file coords07.cif (mmCIF, C-alpha atoms)
data_work
loop_
_atom_site.label_atom_id
_atom_site.label_comp_id
_atom_site.auth_asym_id
_atom_site.auth_seq_id
_atom_site.Cartn_x
_atom_site.Cartn_y
_atom_site.Cartn_z
CA MET B 1 10.98 13.44 -43.29
CA THR B 2 9.90 10.11 -41.89
CA ALA B 3 11.57 8.94 -38.72
CA PRO B 4 12.98 5.41 -38.88
CA ARG B 5 11.21 2.44 -37.41
CA PRO B 6 12.46 1.73 -33.87
CA SER B 7 14.46 -1.43 -33.37
CA VAL B 8 12.50 -2.33 -30.22
CA THR B 9 9.58 -4.74 -30.25
CA SER B 10 7.44 -2.94 -27.66
CA LEU B 11 7.04 0.59 -26.31
CA GLU B 12 5.70 2.19 -23.16
CA ILE B 13 4.38 5.75 -22.93
CA LEU B 14 3.79 7.98 -19.91
CA PRO B 15 1.14 10.72 -19.88
CA VAL B 16 2.01 13.44 -17.34
CA TYR B 17 0.23 16.24 -15.56
CA GLY B 18 3.39 18.30 -15.24
CA GLN B 19 4.57 21.55 -13.70
CA SER B 20 7.75 23.50 -14.49
CA GLU B 21 9.59 21.39 -11.90
CA ASN B 22 9.13 18.52 -14.33
CA ARG B 23 10.38 20.58 -17.30
CA SER B 24 13.42 19.05 -18.95
CA SER B 25 16.71 20.90 -18.62
CA GLU B 26 20.21 20.46 -19.95
CA ASP B 27 22.43 18.33 -17.76
CA PRO B 28 25.46 16.05 -18.30
CA LEU B 29 23.59 13.20 -16.62
CA ALA B 30 21.55 12.88 -19.82
CA ALA B 31 24.54 11.23 -21.51
CA ILE B 32 24.75 8.66 -18.71
CA LEU B 33 21.07 7.85 -19.12
CA ASP B 34 21.59 7.50 -22.88
CA GLY B 35 24.53 5.18 -22.36
CA ALA B 36 22.50 2.93 -20.09
CA THR B 37 19.64 2.52 -22.60
CA PRO B 38 21.08 2.32 -26.15
CA GLY B 39 18.34 2.15 -28.76
CA GLN B 40 15.51 1.96 -26.22
CA VAL B 41 14.19 5.52 -25.73
CA HIS B 42 12.33 7.47 -28.43
CA TYR B 43 10.07 10.45 -28.96
CA LEU B 44 7.20 11.14 -31.34
CA PHE B 45 8.45 12.83 -34.51
CA GLY B 46 6.70 14.91 -37.17
CA MET B 47 3.96 16.75 -35.29
CA ARG B 48 3.57 20.54 -35.59
CA ASP B 49 1.75 23.14 -33.55
CA GLN B 50 -0.78 25.44 -35.18
CA ALA B 51 1.95 27.99 -35.89
CA GLY B 52 3.91 25.36 -37.83
CA ARG B 53 6.60 24.81 -35.21
CA ALA B 54 7.92 21.30 -34.66
CA VAL B 55 6.54 19.46 -31.63
CA GLY B 56 9.20 17.03 -30.49
CA PRO B 57 10.60 15.93 -27.14
CA SER B 58 10.14 19.44 -25.71
CA GLY B 59 6.41 19.33 -26.39
CA ALA B 60 4.14 22.15 -27.52
CA GLY B 61 5.09 25.14 -25.41
CA TRP B 62 4.17 28.78 -25.07
CA SER B 63 2.84 30.42 -28.22
CA GLY B 64 3.20 34.06 -27.16
CA THR B 65 -0.46 34.45 -26.22
CA GLY B 66 -1.01 31.13 -24.47
CA MET B 67 -0.11 27.47 -24.60
CA ALA B 68 0.39 26.24 -28.17
CA ALA B 69 -2.07 23.76 -29.63
CA ILE B 70 -0.86 20.80 -31.67
CA ASP B 71 -2.14 20.88 -35.24
CA GLN B 72 -4.14 17.66 -35.32
CA SER B 73 -4.33 17.76 -39.11
CA ARG B 74 -0.57 17.04 -39.31
CA ALA B 75 0.13 13.49 -38.21
CA ALA B 76 3.27 12.25 -36.53
CA THR B 77 5.56 10.39 -38.91
CA GLY B 78 7.59 8.12 -36.68
CA PHE B 79 9.54 7.48 -33.50
CA ALA B 80 12.92 9.23 -33.42
CA THR B 81 15.73 8.15 -31.09
CA ALA B 82 16.06 10.30 -28.00
CA GLU B 83 19.82 9.78 -27.73
CA GLY B 84 21.84 12.98 -27.69
CA LEU B 85 19.08 15.30 -26.48
CA GLY B 86 21.20 16.27 -23.48
CA ARG B 87 18.19 16.93 -21.26
CA VAL B 88 16.82 15.40 -18.07
CA SER B 89 13.52 15.62 -16.21
CA PRO B 90 11.81 13.51 -13.54
CA ALA B 91 9.49 11.96 -16.14
CA PHE B 92 12.35 11.37 -18.60
CA THR B 93 14.39 9.72 -15.85
CA LEU B 94 11.51 7.50 -14.77
CA GLN B 95 11.20 6.18 -18.31
CA TYR B 96 14.94 5.75 -18.75
CA CYS B 97 15.01 3.84 -15.48
CA ARG B 98 12.20 1.62 -16.72
CA ALA B 99 14.28 0.88 -19.81
CA VAL B 100 17.36 0.18 -17.69
CA GLY B 101 15.31 -2.26 -15.64
CA TRP B 102 14.21 -4.11 -18.76
CA ARG B 103 17.82 -4.29 -19.91
CA ASP B 104 18.83 -5.63 -16.49
CA GLN B 105 16.16 -8.29 -16.96
CA LEU B 106 17.67 -9.18 -20.35
CA ALA B 107 14.80 -7.57 -22.26
CA PRO B 108 16.55 -4.74 -24.16
CA ALA B 109 13.99 -4.88 -26.96
CA LYS B 110 11.48 -3.09 -24.71
CA GLY B 111 11.53 0.70 -25.12
CA ALA B 112 9.91 3.93 -24.00
CA VAL B 113 8.46 7.04 -25.64
CA ILE B 114 9.27 10.29 -23.84
CA ALA B 115 7.66 13.72 -24.10
CA ASP B 116 8.27 16.88 -22.09
CA HIS B 117 5.15 17.56 -20.04
CA GLY B 118 6.60 20.29 -17.80
CA TYR B 119 4.53 23.42 -18.29
CA GLY B 120 5.25 26.38 -16.01
CA GLY B 121 2.40 28.01 -14.15
CA ARG B 122 -0.33 25.68 -15.41
CA TYR B 123 -3.42 24.90 -13.36
CA ILE B 124 -4.80 21.36 -13.34
CA ASN B 125 -7.98 22.46 -15.15
CA GLU B 126 -5.84 22.96 -18.29
CA TRP B 127 -5.70 19.18 -18.68
CA ARG B 128 -9.49 19.06 -18.96
CA PRO B 129 -10.39 18.41 -22.62
CA ASP B 130 -13.10 21.09 -22.43
CA ASP B 131 -10.76 23.78 -21.10
CA ALA B 132 -9.75 26.79 -23.19
CA SER B 133 -6.13 25.69 -22.81
CA PRO B 134 -4.99 23.01 -25.31
CA VAL B 135 -2.73 21.20 -22.82
CA GLY B 136 -5.09 18.28 -22.16
CA ARG B 137 -6.16 17.92 -25.80
CA ASN B 138 -2.49 17.93 -26.84
CA GLN B 139 -1.77 15.04 -24.50
CA LEU B 140 -4.75 12.99 -25.68
CA TYR B 141 -3.69 13.52 -29.31
CA TRP B 142 -0.11 12.52 -28.47
CA MET B 143 -1.44 9.29 -26.96
CA ARG B 144 -3.53 8.55 -30.07
CA GLU B 145 -0.65 9.24 -32.44
CA ALA B 146 1.72 7.03 -30.46
CA LYS B 147 -0.76 4.15 -30.67
CA ARG B 148 -1.44 4.71 -34.39
CA LEU B 149 2.26 4.72 -35.26
CA ALA B 150 3.10 1.72 -33.10
CA ASP B 151 0.28 -0.25 -34.71
CA GLY B 152 1.55 0.78 -38.14
CA PHE B 153 5.04 -0.44 -37.31
CA GLY B 154 3.74 -3.65 -35.76
CA ILE B 155 5.13 -2.68 -32.36
CA GLY B 156 3.26 -3.40 -29.15
CA ILE B 157 2.57 -0.31 -27.05
CA SER B 158 1.26 0.09 -23.51
CA CYS B 159 0.46 2.84 -21.02
CA PRO B 160 0.64 1.37 -17.51
CA TYR B 161 1.23 4.60 -15.58
CA VAL B 162 0.33 8.29 -15.57
CA LEU B 163 2.45 10.74 -13.56
CA LEU B 164 1.08 13.61 -11.46
CA PHE B 165 3.84 16.15 -10.73
CA GLN B 166 1.82 19.34 -10.69
CA GLY B 167 0.45 21.88 -8.30
CA SER B 168 2.94 24.58 -7.34
CA SER B 169 0.93 27.08 -9.37
CA ALA B 170 -2.10 26.03 -7.31
CA LYS B 171 -0.68 27.23 -4.00
CA ASP B 172 -3.50 29.78 -3.84
CA GLN B 173 -6.24 27.27 -4.76
CA SER B 174 -8.55 25.48 -2.37
CA GLY B 175 -8.92 21.74 -2.42
CA SER B 176 -12.53 22.18 -3.54
CA GLN B 177 -11.21 23.92 -6.68
CA TYR B 178 -8.40 21.48 -7.45
CA GLU B 179 -10.11 18.14 -6.84
CA PRO B 180 -13.01 18.26 -9.36
CA ASP B 181 -10.77 19.63 -12.10
CA PHE B 182 -8.23 16.88 -11.50
CA LEU B 183 -10.89 14.18 -11.55
CA ILE B 184 -12.33 15.39 -14.87
CA ALA B 185 -8.87 15.65 -16.47
CA HIS B 186 -7.77 12.30 -15.08
CA GLU B 187 -10.91 10.48 -16.20
CA ALA B 188 -10.31 11.77 -19.74
CA THR B 189 -6.80 10.29 -19.64
CA LEU B 190 -8.07 6.99 -18.23
CA ALA B 191 -10.80 6.76 -20.84
CA GLN B 192 -8.34 7.45 -23.63
CA ALA B 193 -5.94 4.81 -22.31
CA ARG B 194 -8.71 2.21 -21.98
CA ALA B 195 -9.83 2.86 -25.53
CA LEU B 196 -6.32 2.74 -26.98
CA PHE B 197 -4.46 0.25 -24.81
CA GLY B 198 -7.18 -1.80 -23.15
CA THR B 199 -6.36 -0.89 -19.55
CA ALA B 200 -6.35 2.22 -17.37
CA PRO B 201 -2.94 3.44 -16.17
CA LYS B 202 -2.12 3.57 -12.46
CA LEU B 203 -1.61 7.03 -11.00
CA VAL B 204 1.92 7.79 -9.72
CA THR B 205 2.25 11.02 -7.75
CA VAL B 206 5.07 13.31 -6.70
CA ILE B 207 3.10 15.26 -4.13
CA ASN B 208 3.45 18.99 -4.52
CA GLY B 209 5.73 20.80 -2.11
CA ALA B 210 5.72 24.33 -0.86
CA ASP B 211 8.12 26.96 -2.10
CA VAL B 212 10.51 28.63 0.33
CA ASP B 213 8.04 31.21 1.65
CA THR B 214 4.62 29.86 2.65
CA ASN B 215 3.16 33.08 3.98
CA GLY B 216 -0.03 34.29 2.34
CA ASP B 217 -1.03 31.28 0.22
CA VAL B 218 -3.43 28.40 0.80
CA TYR B 219 -1.19 25.37 0.15
CA ALA B 220 -4.10 22.94 0.23
CA ILE B 221 -2.82 20.87 -2.69
CA PRO B 222 -0.42 18.47 -0.89
CA GLY B 223 -3.25 17.10 1.24
CA VAL B 224 -5.60 16.91 -1.72
CA GLN B 225 -3.08 15.02 -3.86
CA TYR B 226 -2.39 12.62 -0.99
CA ARG B 227 -6.09 11.81 -0.64
CA LEU B 228 -6.71 11.62 -4.39
CA THR B 229 -3.82 9.26 -4.99
CA LEU B 230 -4.95 6.88 -2.26
CA ALA B 231 -8.55 7.06 -3.53
CA GLN B 232 -7.30 6.17 -7.03
CA GLN B 233 -5.31 3.24 -5.57
CA GLY B 234 -2.23 4.96 -6.91
CA ILE B 235 1.39 5.20 -5.84
CA ILE B 236 2.64 8.11 -3.73
CA ALA B 237 6.19 8.00 -5.04
CA THR B 238 7.68 10.90 -3.09
CA TRP B 239 7.08 14.43 -1.78
CA GLN B 240 8.63 17.40 -3.53
CA ARG B 241 9.42 19.15 -0.24
CA ILE B 242 12.35 16.82 0.57
CA TYR B 243 14.50 18.04 -2.34
CA PRO B 244 16.79 21.10 -2.53
CA ILE B 245 15.58 24.12 -4.52
CA ASN B 246 18.06 25.89 -6.79
CA ASP B 247 16.34 29.25 -7.37
CA GLN B 248 14.91 30.34 -3.97
CA ASN B 249 11.46 29.56 -5.37
CA ALA B 250 10.35 25.98 -6.09
CA HIS B 251 12.54 24.64 -8.88
CA ILE B 252 15.13 21.88 -8.87
CA ASP B 253 18.36 21.26 -10.75
CA GLY B 254 19.16 18.45 -13.16
CA SER B 255 20.67 16.12 -10.59
CA THR B 256 17.62 16.46 -8.37
CA LYS B 257 15.31 15.83 -11.32
CA VAL B 258 17.13 12.56 -11.85
CA LEU B 259 16.78 11.66 -8.15
CA VAL B 260 13.03 12.31 -8.28
CA GLY B 261 12.67 10.16 -11.40
CA GLU B 262 14.74 7.37 -9.88
CA THR B 263 12.58 7.43 -6.76
CA CYS B 264 9.41 7.19 -8.86
CA ASN B 265 10.89 4.16 -10.61
CA TRP B 266 11.86 2.60 -7.27
CA ALA B 267 8.30 3.03 -6.03
CA ILE B 268 6.80 1.48 -9.18
CA SER B 269 9.27 -1.41 -9.09
CA GLU B 270 8.37 -2.22 -5.49
CA VAL B 271 4.65 -2.21 -6.23
CA GLU B 272 5.14 -4.35 -9.34
CA ALA B 273 7.05 -6.83 -7.16
CA GLY B 274 4.07 -7.06 -4.80
CA ARG B 275 5.66 -5.11 -1.97
CA PRO B 276 3.92 -2.22 -0.17
CA TRP B 277 5.11 1.31 -0.85
CA ASN B 278 2.66 4.01 0.24
CA ILE B 279 3.16 5.49 3.69
CA THR B 280 -0.03 6.54 5.43
CA TYR B 281 -0.58 8.10 8.85
CA GLY B 282 -3.01 8.02 11.74
CA VAL B 283 -3.76 10.53 14.51
CA ALA B 284 -5.06 9.53 17.95
CA LYS B 285 -5.76 12.21 20.59
CA GLN B 286 -6.64 11.98 24.26
CA GLY B 287 -6.71 15.27 26.10
CA ASP B 288 -3.36 16.99 25.71
CA LEU B 289 -1.63 13.90 24.26
CA VAL B 290 -1.56 13.19 20.53
CA THR B 291 0.03 10.12 18.96
CA VAL B 292 0.81 10.24 15.23
CA SER B 293 1.65 6.84 13.76
CA PHE B 294 3.05 6.03 10.31
CA ALA B 295 2.39 2.81 8.42
CA LEU B 296 5.81 1.73 7.14
CA ARG B 297 7.01 -1.41 5.38
CA PRO B 298 7.77 -4.63 7.28
CA GLY B 299 11.11 -4.25 9.03
CA GLU B 300 11.21 -0.49 8.45
CA VAL B 301 11.39 2.10 11.25
CA LEU B 302 11.44 5.86 11.53
CA LEU B 303 14.76 7.62 10.96
CA ASN B 304 15.69 11.09 12.21
CA ARG B 305 17.97 12.84 9.71
CA SER B 306 18.84 15.43 12.34
CA GLY B 307 21.26 17.50 10.26
CA LEU B 308 19.07 17.81 7.18
CA TYR B 309 18.46 21.55 7.57
CA ASP B 310 21.80 22.54 9.14
CA ALA B 311 22.73 24.52 6.00
CA PHE B 312 19.20 25.88 5.52
CA GLY B 313 18.37 27.69 8.75
CA GLY B 314 18.91 24.86 11.20
CA ALA B 315 16.72 23.23 13.81
CA ALA B 316 14.71 26.38 14.49
CA THR B 317 12.98 25.95 11.12
CA CYS B 318 11.89 22.42 12.00
CA ALA B 319 10.99 22.41 15.70
CA ASN B 320 9.40 19.29 17.20
CA TYR B 321 10.40 17.23 14.15
CA GLY B 322 8.07 19.35 12.02
CA PHE B 323 4.91 19.00 14.14
CA GLU B 324 2.91 22.09 15.07
CA ALA B 325 -0.34 22.56 16.99
CA ASP B 326 -2.69 25.33 17.99
CA GLY B 327 -1.33 26.76 21.23
CA GLY B 328 2.05 25.08 20.82
CA ILE B 329 3.70 21.78 21.71
CA ILE B 330 5.41 21.15 25.05
CA GLU B 331 7.39 18.18 23.77
CA ALA B 332 7.51 15.74 20.86
CA ILE B 333 8.75 12.25 21.74
CA PRO B 334 9.52 9.96 18.81
CA ASP B 335 9.31 6.19 19.13
CA LEU B 336 11.49 5.44 16.14
CA ALA B 337 11.18 1.68 16.40
CA GLY B 338 7.43 1.98 16.95
CA ASN B 339 6.93 4.29 13.95
CA SER B 340 5.15 6.96 15.96
CA VAL B 341 5.57 10.34 17.63
CA THR B 342 3.77 11.39 20.82
CA LEU B 343 3.03 15.09 21.24
CA ARG B 344 2.20 16.81 24.52
CA LEU B 345 0.17 19.90 23.72
CA HIS B 346 0.06 23.14 25.67
CA ASP B 347 -3.69 23.15 25.16
CA GLY B 348 -5.80 20.01 25.18
CA SER B 349 -8.49 22.03 23.37
CA ALA B 350 -6.21 22.87 20.44
CA ARG B 351 -8.13 23.51 17.22
CA TRP B 352 -5.58 22.37 14.65
CA LEU B 353 -2.58 20.11 14.07
CA ARG B 354 -0.09 19.96 11.24
CA PHE B 355 3.06 18.10 10.22
CA ALA B 356 5.67 19.28 7.70
CA HIS B 357 3.28 22.05 6.69
CA GLN B 358 4.86 25.12 8.30
CA VAL B 359 3.97 28.72 7.54
CA GLN B 360 7.36 30.42 7.43
CA ASP B 361 9.74 32.39 5.22
CA CYS B 362 12.92 30.47 4.43
CA TYR B 363 13.84 32.56 1.39
CA ALA B 364 17.14 33.85 2.79
CA LEU B 365 18.19 30.51 4.32
CA THR B 366 20.59 29.39 1.60
CA ASP B 367 23.58 27.10 1.70
CA ALA B 368 26.99 27.97 0.28
CA ALA B 369 25.82 27.15 -3.26
CA GLY B 370 22.73 29.36 -2.97
CA TYR B 371 20.31 26.45 -2.65
CA THR B 372 17.30 26.52 -0.35
CA MET B 373 14.76 24.02 0.96
CA SER B 374 10.98 24.09 1.04
CA ALA B 375 9.37 25.80 4.01
CA HIS B 376 7.49 22.53 4.66
CA ARG B 377 9.97 20.56 6.77
CA THR B 378 10.55 17.46 8.86
CA THR B 379 13.69 15.53 9.69
CA LEU B 380 11.76 12.27 10.07
CA PHE B 381 11.87 9.76 7.22
CA ALA B 382 11.26 6.07 6.71
CA SER B 383 14.51 4.25 7.37
CA GLU B 384 14.80 2.40 4.08
CA SER B 385 16.90 4.22 1.48
CA ARG B 386 18.75 3.30 -1.67
CA GLU B 387 21.90 4.50 -3.39
CA SER B 388 21.23 6.46 -6.57
CA ARG B 389 22.29 4.64 -9.69
CA PHE B 390 22.94 7.81 -11.66
CA VAL B 391 23.81 10.62 -9.23
CA SER B 392 27.10 9.91 -7.50
CA GLY B 393 27.09 10.14 -3.71
CA GLN B 394 23.32 10.61 -3.40
CA ARG B 395 20.63 8.38 -1.93
CA LEU B 396 16.92 7.93 -2.61
CA TRP B 397 14.68 8.41 0.44
CA ARG B 398 11.16 7.41 1.45
CA ALA B 399 9.38 10.55 2.62
CA LEU B 400 6.70 10.59 5.32
CA PRO B 401 3.34 12.17 4.45
CA GLY B 402 2.85 15.73 5.62
CA PHE B 403 -0.60 16.88 6.65
CA ARG B 404 -2.71 19.49 8.35
CA GLY B 405 -6.19 19.34 9.79
CA SER B 406 -8.60 20.43 12.47
CA LEU B 407 -9.13 19.17 15.99
CA LEU B 408 -12.52 19.08 17.70
CA GLY B 409 -12.09 17.62 21.13
CA ASP B 410 -10.19 14.38 20.54
CA VAL B 411 -11.23 14.04 16.89
CA PHE B 412 -8.76 14.95 14.13
CA THR B 413 -10.12 15.72 10.64
CA PRO B 414 -7.45 16.04 7.92
CA GLU B 415 -7.79 18.51 5.08
#
call {"tool": "encode", "arguments": {"input": "coords07.cif", "output": "structure tokens"}}
result
Amino acid sequence: MTAPRPSVTSLEILPVYGQSENRSSEDPLAAILDGATPGQVHYLFGMRDQAGRAVGPSGAGWSGTGMAAIDQSRAATGFATAEGLGRVSPAFTLQYCRAVGWRDQLAPAKGAVIADHGYGGRYINEWRPDDASPVGRNQLYWMREAKRLADGFGIGISCPYVLLFQGSSAKDQSGSQYEPDFLIAHEATLAQARALFGTAPKLVTVINGADVDTNGDVYAIPGVQYRLTLAQQGIIATWQRIYPINDQNAHIDGSTKVLVGETCNWAISEVEAGRPWNITYGVAKQGDLVTVSFALRPGEVLLNRSGLYDAFGGAATCANYGFEADGGIIEAIPDLAGNSVTLRLHDGSARWLRFAHQVQDCYALTDAAGYTMSAHRTTLFASESRESRFVSGQRLWRALPGFRGSLLGDVFTPE
């Protein structure tokens, strides 16, 4: 069967380094996304894995002995409409939101190509083309096939962004393990995009959050992803730790997946409009006083969402606004209008400092619906928020960067 030619005149694709939190799941919100983007969203049709199973919008998944490899001798045959799939994911939502934005701008002939890149328990090295896992090679082939088909149909196709929403499986990895594997995998994606589309995509990151119990694992990846994204001149869209978890582990429900995708789209839209998005931080220490400042947008201030964890263990799980230091903190004094927090330490010779990077077990701290929150916590946010377009009664928030690092005298060195 050959899928019909799309009615759009241009397409945009989104490679993803994706964890199970980005896996698509059934949710009624999918119909609302469909209704907002009629005829605009498609998926690659006709590919098969090496066992002969169809590879469609759910991607090539688990084969029984490992991740399934796409059979590269069986070409894709067209772009099928994604309407009626009934599934949502952060990456899906980001692309639907892009399509909605084009429609709002009276450009409904622009469309997107989705694919499910949410693979549970995958390490970042699996996106390396030379890895034993086929995950990275599958993605590169998917990119080539999308370009080949679009060219054949006479449809323009572009790849302006690549999404990093990966890392919960790496909670026991050091940064020195994660970083080189990411850079090799990412350079392969960039090279493929340059060759196919003429430009390298910008990195957009949902920085990995902790699960609900952070005892016993390394949790170096949030800091590594923060540094890598800034080094790549990418967009830190949001932090996974600010969203509710629906399984007392690390996973999120359909509504939350939509909120994450909407926030990624908000971040991209702001950058495309020439406005700053990324929030960075600075640490200045003098004796027992530490001032942590956050670089926010013009006119933006810090906001204390004081009741955020009331249903998830309360203030005791987020003392001192989420700041912790070797030897303890006597007091934490926020200057909300000045975008900073001053800490008075018990010990001016403290050896470490961290923010929203707690080591604690919050597994049993559930709300009435059985939801939990990440063990990495702060009630401080940037003040600017936005009403969700697709999830009734919810808002999109700008999360502050969490961090941890060492202190040597008055010098702070982040991980």
call {"tool": "closest_residue", "arguments": {"input": "coords07.cif", "among": "B:Ala80, B:Met67, B:Ala369, B:Val88", "to": "Val135 of chain B", "atoms": "all atoms listed in the file"}}
result
B:Met67
call {"tool": "resolve_selection", "arguments": {"input": "coords07.cif", "expression": "the PyMOL selection byres ((chain B and resi 167) around 7)", "output": "list of chain:residue names"}}
result
B:Gln19, B:Gln166, B:Ser168, B:Ser169, B:Ala170, B:Lys171, B:Asn208, B:Ile221
call {"tool": "resolve_selection", "arguments": {"input": "coords07.cif", "expression": "the PyMOL selection byres ((chain B and resi 137-146) around 8)", "output": "number ranges by chain"}}
result
B: 13, 15, 44, 60, 69-70, 72, 75-76, 127-129, 134-136, 147-150, 189, 192-193, 196
call {"tool": "resolve_selection", "arguments": {"input": "coords07.cif", "expression": "the PyMOL selection byres ((chain B and resi 366) around 12)", "output": "PyMOL selection string"}}
result
chain B and resi 212+244-249+309-314+361-365+367-374
call {"tool": "atom_distance", "arguments": {"input": "coords07.cif", "atom1": "atom CA of Ser25 of chain B", "atom2": "atom CA of Pro90 of chain B"}}
result
10.2 Å
call {"tool": "residues_around", "arguments": {"input": "coords07.cif", "residues": "Val100 of chain B", "least_positions_apart": "3", "cutoff": "6 Å", "atoms": "all atoms listed in the file", "output": "count of residues only"}}
result
3
call {"tool": "residues_around", "arguments": {"input": "coords07.cif", "residues": "segment 287-300 of chain B", "least_positions_apart": "4", "cutoff": "8 Å", "atoms": "all atoms listed in the file", "output": "ChimeraX atom specification"}}
result
/B:276-283,339-349,382-384,400,409-410
call {"tool": "write_last_selection", "arguments": {"input": "coords07.cif", "atoms": "C-alpha atoms", "output": "short mmCIF file (atom, residue, chain, number, x, y, z; two decimals), keeping the file's coordinate frame"}}
result
data_model
loop_
_atom_site.label_atom_id
_atom_site.label_comp_id
_atom_site.auth_asym_id
_atom_site.auth_seq_id
_atom_site.Cartn_x
_atom_site.Cartn_y
_atom_site.Cartn_z
CA PRO B 276 3.92 -2.22 -0.17
CA TRP B 277 5.11 1.31 -0.85
CA ASN B 278 2.66 4.01 0.24
CA ILE B 279 3.16 5.49 3.69
CA THR B 280 -0.03 6.54 5.43
CA TYR B 281 -0.58 8.10 8.85
CA GLY B 282 -3.01 8.02 11.74
CA VAL B 283 -3.76 10.53 14.51
CA ASN B 339 6.93 4.29 13.95
CA SER B 340 5.15 6.96 15.96
CA VAL B 341 5.57 10.34 17.63
CA THR B 342 3.77 11.39 20.82
CA LEU B 343 3.03 15.09 21.24
CA ARG B 344 2.20 16.81 24.52
CA LEU B 345 0.17 19.90 23.72
CA HIS B 346 0.06 23.14 25.67
CA ASP B 347 -3.69 23.15 25.16
CA GLY B 348 -5.80 20.01 25.18
CA SER B 349 -8.49 22.03 23.37
CA ALA B 382 11.26 6.07 6.71
CA SER B 383 14.51 4.25 7.37
CA GLU B 384 14.80 2.40 4.08
CA LEU B 400 6.70 10.59 5.32
CA GLY B 409 -12.09 17.62 21.13
CA ASP B 410 -10.19 14.38 20.54
#
call {"tool": "closest_residue", "arguments": {"input": "coords07.cif", "among": "B:Thr263, B:Asn22, B:Ser58, B:Thr77", "to": "Gly152 of chain B", "atoms": "all atoms listed in the file"}}
result
B:Thr77
call {"tool": "closest_residue", "arguments": {"input": "coords07.cif", "among": "B:Thr317, B:Thr65, B:Ser255, B:Gln225", "to": "Tyr243 of chain B", "atoms": "all atoms listed in the file"}}
result
B:Ser255
call {"tool": "closest_residue", "arguments": {"input": "coords07.cif", "among": "B:Tyr17, B:Ala231, B:Gly261, B:Pro222", "to": "Tyr119 of chain B", "atoms": "only C-alpha atoms"}}
result
B:Tyr17
call {"tool": "axis_aligned_box", "arguments": {"input": "coords07.cif", "around": "segment 245-254 of chain B", "padding_each_side": "8 Å", "output": "lines of an AutoDock Vina configuration file"}}
result
center_x = 14.8
center_y = 24.4
center_z = -8.6
size_x = 24.8
size_y = 27.9
size_z = 25.2
call {"tool": "closest_residue", "arguments": {"input": "coords07.cif", "among": "B:Thr205, B:Ala82, B:Thr9, B:Arg241", "to": "Gly35 of chain B", "atoms": "only C-alpha atoms"}}
result
B:Ala82
call {"tool": "atom_distance", "arguments": {"input": "coords07.cif", "atom1": "atom CA of Asp335 of chain B", "atom2": "atom CA of Val301 of chain B"}}
result
9.1 Å
call {"tool": "closest_residue", "arguments": {"input": "coords07.cif", "among": "B:Ile330, B:Ala356, B:Leu303, B:Ile155", "to": "Ser385 of chain B", "atoms": "only C-alpha atoms"}}
result
B:Leu303
call {"tool": "atom_distance", "arguments": {"input": "coords07.cif", "atom1": "atom CA of Gly254 of chain B", "atom2": "atom CA of Ile32 of chain B"}}
result
12.6 Å
call {"tool": "residues_around", "arguments": {"input": "coords07.cif", "residues": "Phe323 of chain B", "least_positions_apart": "3", "cutoff": "10 Å", "atoms": "only C-alpha atoms", "output": "mmCIF file with C-alpha atoms, keeping the file's coordinate frame"}}
result
data_model
loop_
_atom_site.group_PDB
_atom_site.id
_atom_site.type_symbol
_atom_site.label_atom_id
_atom_site.label_comp_id
_atom_site.auth_asym_id
_atom_site.auth_seq_id
_atom_site.Cartn_x
_atom_site.Cartn_y
_atom_site.Cartn_z
ATOM 1 C CA VAL B 292 0.810 10.240 15.230
ATOM 2 C CA CYS B 318 11.890 22.420 12.000
ATOM 3 C CA ALA B 319 10.990 22.410 15.700
ATOM 4 C CA ASN B 320 9.400 19.290 17.200
ATOM 5 C CA GLY B 328 2.050 25.080 20.820
ATOM 6 C CA ILE B 329 3.700 21.780 21.710
ATOM 7 C CA GLU B 331 7.390 18.180 23.770
ATOM 8 C CA ALA B 332 7.510 15.740 20.860
ATOM 9 C CA VAL B 341 5.570 10.340 17.630
ATOM 10 C CA LEU B 343 3.030 15.090 21.240
ATOM 11 C CA LEU B 353 -2.580 20.110 14.070
ATOM 12 C CA ARG B 354 -0.090 19.960 11.240
ATOM 13 C CA PHE B 355 3.060 18.100 10.220
ATOM 14 C CA ALA B 356 5.670 19.280 7.700
ATOM 15 C CA HIS B 357 3.280 22.050 6.690
ATOM 16 C CA GLN B 358 4.860 25.120 8.300
ATOM 17 C CA ARG B 377 9.970 20.560 6.770
ATOM 18 C CA THR B 378 10.550 17.460 8.860
ATOM 19 C CA GLY B 402 2.850 15.730 5.620
ATOM 20 C CA PHE B 403 -0.600 16.880 6.650
ATOM 21 C CA ARG B 404 -2.710 19.490 8.350
#
call {"tool": "residues_around", "arguments": {"input": "coords07.cif", "residues": "Phe92 of chain B", "least_positions_apart": "6", "cutoff": "9 Å", "atoms": "only C-alpha atoms", "output": "mmCIF file with C-alpha atoms, keeping the file's coordinate frame"}}
result
data_model
loop_
_atom_site.group_PDB
_atom_site.id
_atom_site.type_symbol
_atom_site.label_atom_id
_atom_site.label_comp_id
_atom_site.auth_asym_id
_atom_site.auth_seq_id
_atom_site.Cartn_x
_atom_site.Cartn_y
_atom_site.Cartn_z
ATOM 1 C CA ASN B 22 9.130 18.520 -14.330
ATOM 2 C CA SER B 24 13.420 19.050 -18.950
ATOM 3 C CA ILE B 114 9.270 10.290 -23.840
ATOM 4 C CA ALA B 115 7.660 13.720 -24.100
ATOM 5 C CA ASP B 116 8.270 16.880 -22.090
ATOM 6 C CA VAL B 258 17.130 12.560 -11.850
ATOM 7 C CA GLY B 261 12.670 10.160 -11.400
#
call {"tool": "residues_around", "arguments": {"input": "coords07.cif", "residues": "Asp326 of chain B", "least_positions_apart": "4", "cutoff": "7 Å", "atoms": "all atoms listed in the file", "output": "ChimeraX atom specification"}}
result
/B:350-353
